[in-house]
Amino acid sequence: MRRRNGVPVLLATAHRYKGGGYYMKAWCPMCAGYHTHGGIDQSHRASHCWTDVYKRTGYYLKLDPDDPETAEIVKLYRKEQRARD
Ligand SMILES: [Zn+2]
């Protein structure tokens with residue numbers, strides 16, 4: 001398990017809802033399921049896991065650098081963010 005400042009890091013993919021809006025999806029080894037979090041945000045997150053393991057620490061979501069679809073979604077997201085500023 002990767003850690004940053006003692007906090008677990010989960011690898012996540014980026015996704016876009018059909019109607020707009022973004023979320024990240026991370027595979028959780030503790031409950032062997034996916035956790036989804038709103039937005040494209042790699043900062044510290046509160047745990048969405050029903051197991052106790054991450055309750056205290058939460059975790060970081062790190063975008064998977066090897067997933068081409070995630071790269072495309074992030075590009076789209078940043079473009080939309082720039083258009084909004
Ligand atoms: Zn979990």
# chains A, B, ... in the order shown; residues from 1 in each chain; ligands from 1
>>> residues_near_ligand(ligand="ligand 1", cutoff="9 Å", atoms="only C-alpha atoms and all ligand atoms", output="list of chain:residue names")
A:Ala26, A:Trp27, A:Cys28, A:Pro29, A:Met30, A:Cys31, A:Ala32, A:Gly33, A:Tyr34, A:His35, A:Ser47, A:His48, A:Cys49, A:Trp50, A:Thr51, A:Asp52, A:Val53, A:Tyr54
>>> write_last_selection(atoms="N, CA and C atoms", output="compact mmCIF listing (two decimals), in the first residue's frame")
# COMPACT_ATOMS: atom_id res chain seq x y z
N ALA A 26 -12.06 4.77 -7.25
CA ALA A 26 -10.85 4.10 -6.78
C ALA A 26 -11.18 2.68 -6.31
N TRP A 27 -10.32 1.76 -6.66
CA TRP A 27 -10.45 0.40 -6.16
C TRP A 27 -9.93 0.36 -4.73
N CYS A 28 -10.72 -0.18 -3.84
CA CYS A 28 -10.34 -0.26 -2.43
C CYS A 28 -9.97 -1.70 -2.08
N PRO A 29 -8.72 -1.91 -1.68
CA PRO A 29 -8.29 -3.28 -1.37
C PRO A 29 -8.88 -3.78 -0.04
N MET A 30 -9.36 -2.87 0.80
CA MET A 30 -9.86 -3.28 2.11
C MET A 30 -11.23 -3.94 2.01
N CYS A 31 -12.11 -3.39 1.18
CA CYS A 31 -13.44 -4.00 1.04
C CYS A 31 -13.62 -4.62 -0.33
N ALA A 32 -12.55 -4.58 -1.14
CA ALA A 32 -12.58 -5.17 -2.48
C ALA A 32 -13.76 -4.64 -3.28
N GLY A 33 -13.89 -3.33 -3.27
CA GLY A 33 -14.94 -2.68 -4.05
C GLY A 33 -14.46 -1.32 -4.49
N TYR A 34 -15.30 -0.63 -5.27
CA TYR A 34 -14.94 0.71 -5.71
C TYR A 34 -15.56 1.76 -4.80
N HIS A 35 -14.84 2.87 -4.59
CA HIS A 35 -15.39 4.03 -3.92
C HIS A 35 -15.37 5.19 -4.90
N SER A 47 -12.82 8.95 4.19
CA SER A 47 -13.03 7.60 3.71
C SER A 47 -14.50 7.33 3.37
N HIS A 48 -14.72 6.67 2.27
CA HIS A 48 -16.06 6.18 1.92
C HIS A 48 -16.16 4.68 2.16
N CYS A 49 -15.21 4.16 2.90
CA CYS A 49 -15.13 2.71 3.08
C CYS A 49 -15.89 2.27 4.32
N TRP A 50 -16.60 1.16 4.21
CA TRP A 50 -17.35 0.67 5.36
C TRP A 50 -16.46 -0.12 6.32
N THR A 51 -15.26 -0.47 5.90
CA THR A 51 -14.34 -1.12 6.84
C THR A 51 -13.72 -0.04 7.73
N ASP A 52 -13.15 -0.44 8.85
CA ASP A 52 -12.61 0.53 9.81
C ASP A 52 -11.24 1.07 9.41
N VAL A 53 -10.59 0.38 8.49
CA VAL A 53 -9.17 0.64 8.22
C VAL A 53 -8.88 2.10 7.88
N TYR A 54 -9.71 2.71 7.03
CA TYR A 54 -9.41 4.06 6.56
C TYR A 54 -10.17 5.14 7.33
>>> select_by_dssp(residues="chain A", states="strand (DSSP E)", output="NGL selection string")
:A and (3-4 or 7-16 or 22-28 or 33-38 or 44-45 or 59-63)
>>> write_last_selection(atoms="C-alpha atoms", output="compact mmCIF listing (two decimals), in the first residue's frame")
# COMPACT_ATOMS: atom_id res chain seq x y z
CA ARG A 3 1.36 6.11 1.61
CA ARG A 4 1.78 9.87 1.69
CA VAL A 7 -1.97 8.27 4.79
CA PRO A 8 -2.88 5.53 2.31
CA VAL A 9 -2.96 6.43 -1.38
CA LEU A 10 -5.53 4.80 -3.65
CA LEU A 11 -5.11 4.81 -7.39
CA ALA A 12 -8.16 6.32 -9.07
CA THR A 13 -9.61 6.81 -12.52
CA ALA A 14 -11.44 9.94 -13.67
CA HIS A 15 -14.98 9.91 -15.07
CA ARG A 16 -17.57 12.32 -16.38
CA TYR A 22 -16.92 14.74 -12.72
CA TYR A 23 -16.03 12.02 -10.28
CA MET A 24 -13.18 9.71 -9.41
CA LYS A 25 -13.40 6.00 -8.84
CA ALA A 26 -10.85 4.10 -6.78
CA TRP A 27 -10.45 0.40 -6.16
CA CYS A 28 -10.34 -0.26 -2.43
CA GLY A 33 -14.94 -2.68 -4.05
CA TYR A 34 -14.94 0.71 -5.71
CA HIS A 35 -15.39 4.03 -3.92
CA THR A 36 -16.50 7.06 -5.89
CA HIS A 37 -15.75 10.67 -4.94
CA GLY A 38 -17.09 13.79 -6.58
CA HIS A 44 -6.94 14.29 1.14
CA ARG A 45 -10.38 12.63 1.21
CA TYR A 59 -6.91 8.49 2.03
CA TYR A 60 -5.54 10.29 -0.97
CA LEU A 61 -6.85 9.60 -4.42
CA LYS A 62 -4.10 9.56 -7.00
CA LEU A 63 -5.04 9.69 -10.66
>>> atom_distance(atom1="atom CA of A:Arg2", atom2="atom CA of A:Ser43")
14.9 Å
>>> atom_distance(atom1="atom CA of A:Ala46", atom2="atom CA of A:Gly6")
14.6 Å
>>> closest_residue(among="A:Thr57, A:Asn5, A:Glu80, A:Val74", to="A:Asp41", atoms="only C-alpha atoms")
A:Val74
>>> atom_distance(atom1="atom CA of A:Ile40", atom2="atom CA of A:Gly21")
9.4 Å
>>> decode(residues="stretch 60-82 of chain A", atoms="C-alpha atoms", output="PDB file, in the first residue's frame")
ATOM      1  CA  TYR A  60      -5.540  10.293  -0.967  1.00  0.00           C
ATOM      2  CA  LEU A  61      -6.853   9.597  -4.424  1.00  0.00           C
ATOM      3  CA  LYS A  62      -4.101   9.560  -7.005  1.00  0.00           C
ATOM      4  CA  LEU A  63      -5.038   9.686 -10.660  1.00  0.00           C
ATOM      5  CA  ASP A  64      -3.800   6.628 -12.512  1.00  0.00           C
ATOM      6  CA  PRO A  65      -1.012   7.906 -14.783  1.00  0.00           C
ATOM      7  CA  ASP A  66      -1.286   4.816 -16.988  1.00  0.00           C
ATOM      8  CA  ASP A  67      -4.967   5.116 -17.882  1.00  0.00           C
ATOM      9  CA  PRO A  68      -5.446   6.946 -21.204  1.00  0.00           C
ATOM     10  CA  GLU A  69      -9.178   7.523 -20.556  1.00  0.00           C
ATOM     11  CA  THR A  70      -8.386   9.241 -17.268  1.00  0.00           C
ATOM     12  CA  ALA A  71      -5.910  11.495 -19.085  1.00  0.00           C
ATOM     13  CA  GLU A  72      -8.636  12.479 -21.572  1.00  0.00           C
ATOM     14  CA  ILE A  73     -11.184  13.200 -18.838  1.00  0.00           C
ATOM     15  CA  VAL A  74      -8.680  15.295 -16.882  1.00  0.00           C
ATOM     16  CA  LYS A  75      -7.865  17.276 -20.020  1.00  0.00           C
ATOM     17  CA  LEU A  76     -11.586  17.938 -20.553  1.00  0.00           C
ATOM     18  CA  TYR A  77     -12.046  18.862 -16.903  1.00  0.00           C
ATOM     19  CA  ARG A  78      -9.161  21.370 -16.932  1.00  0.00           C
ATOM     20  CA  LYS A  79     -10.449  22.909 -20.140  1.00  0.00           C
ATOM     21  CA  GLU A  80     -13.881  23.415 -18.544  1.00  0.00           C
ATOM     22  CA  GLN A  81     -12.275  24.843 -15.409  1.00  0.00           C
ATOM     23  CA  ARG A  82     -10.302  27.361 -17.485  1.00  0.00           C
TER      24      ARG A  82
END
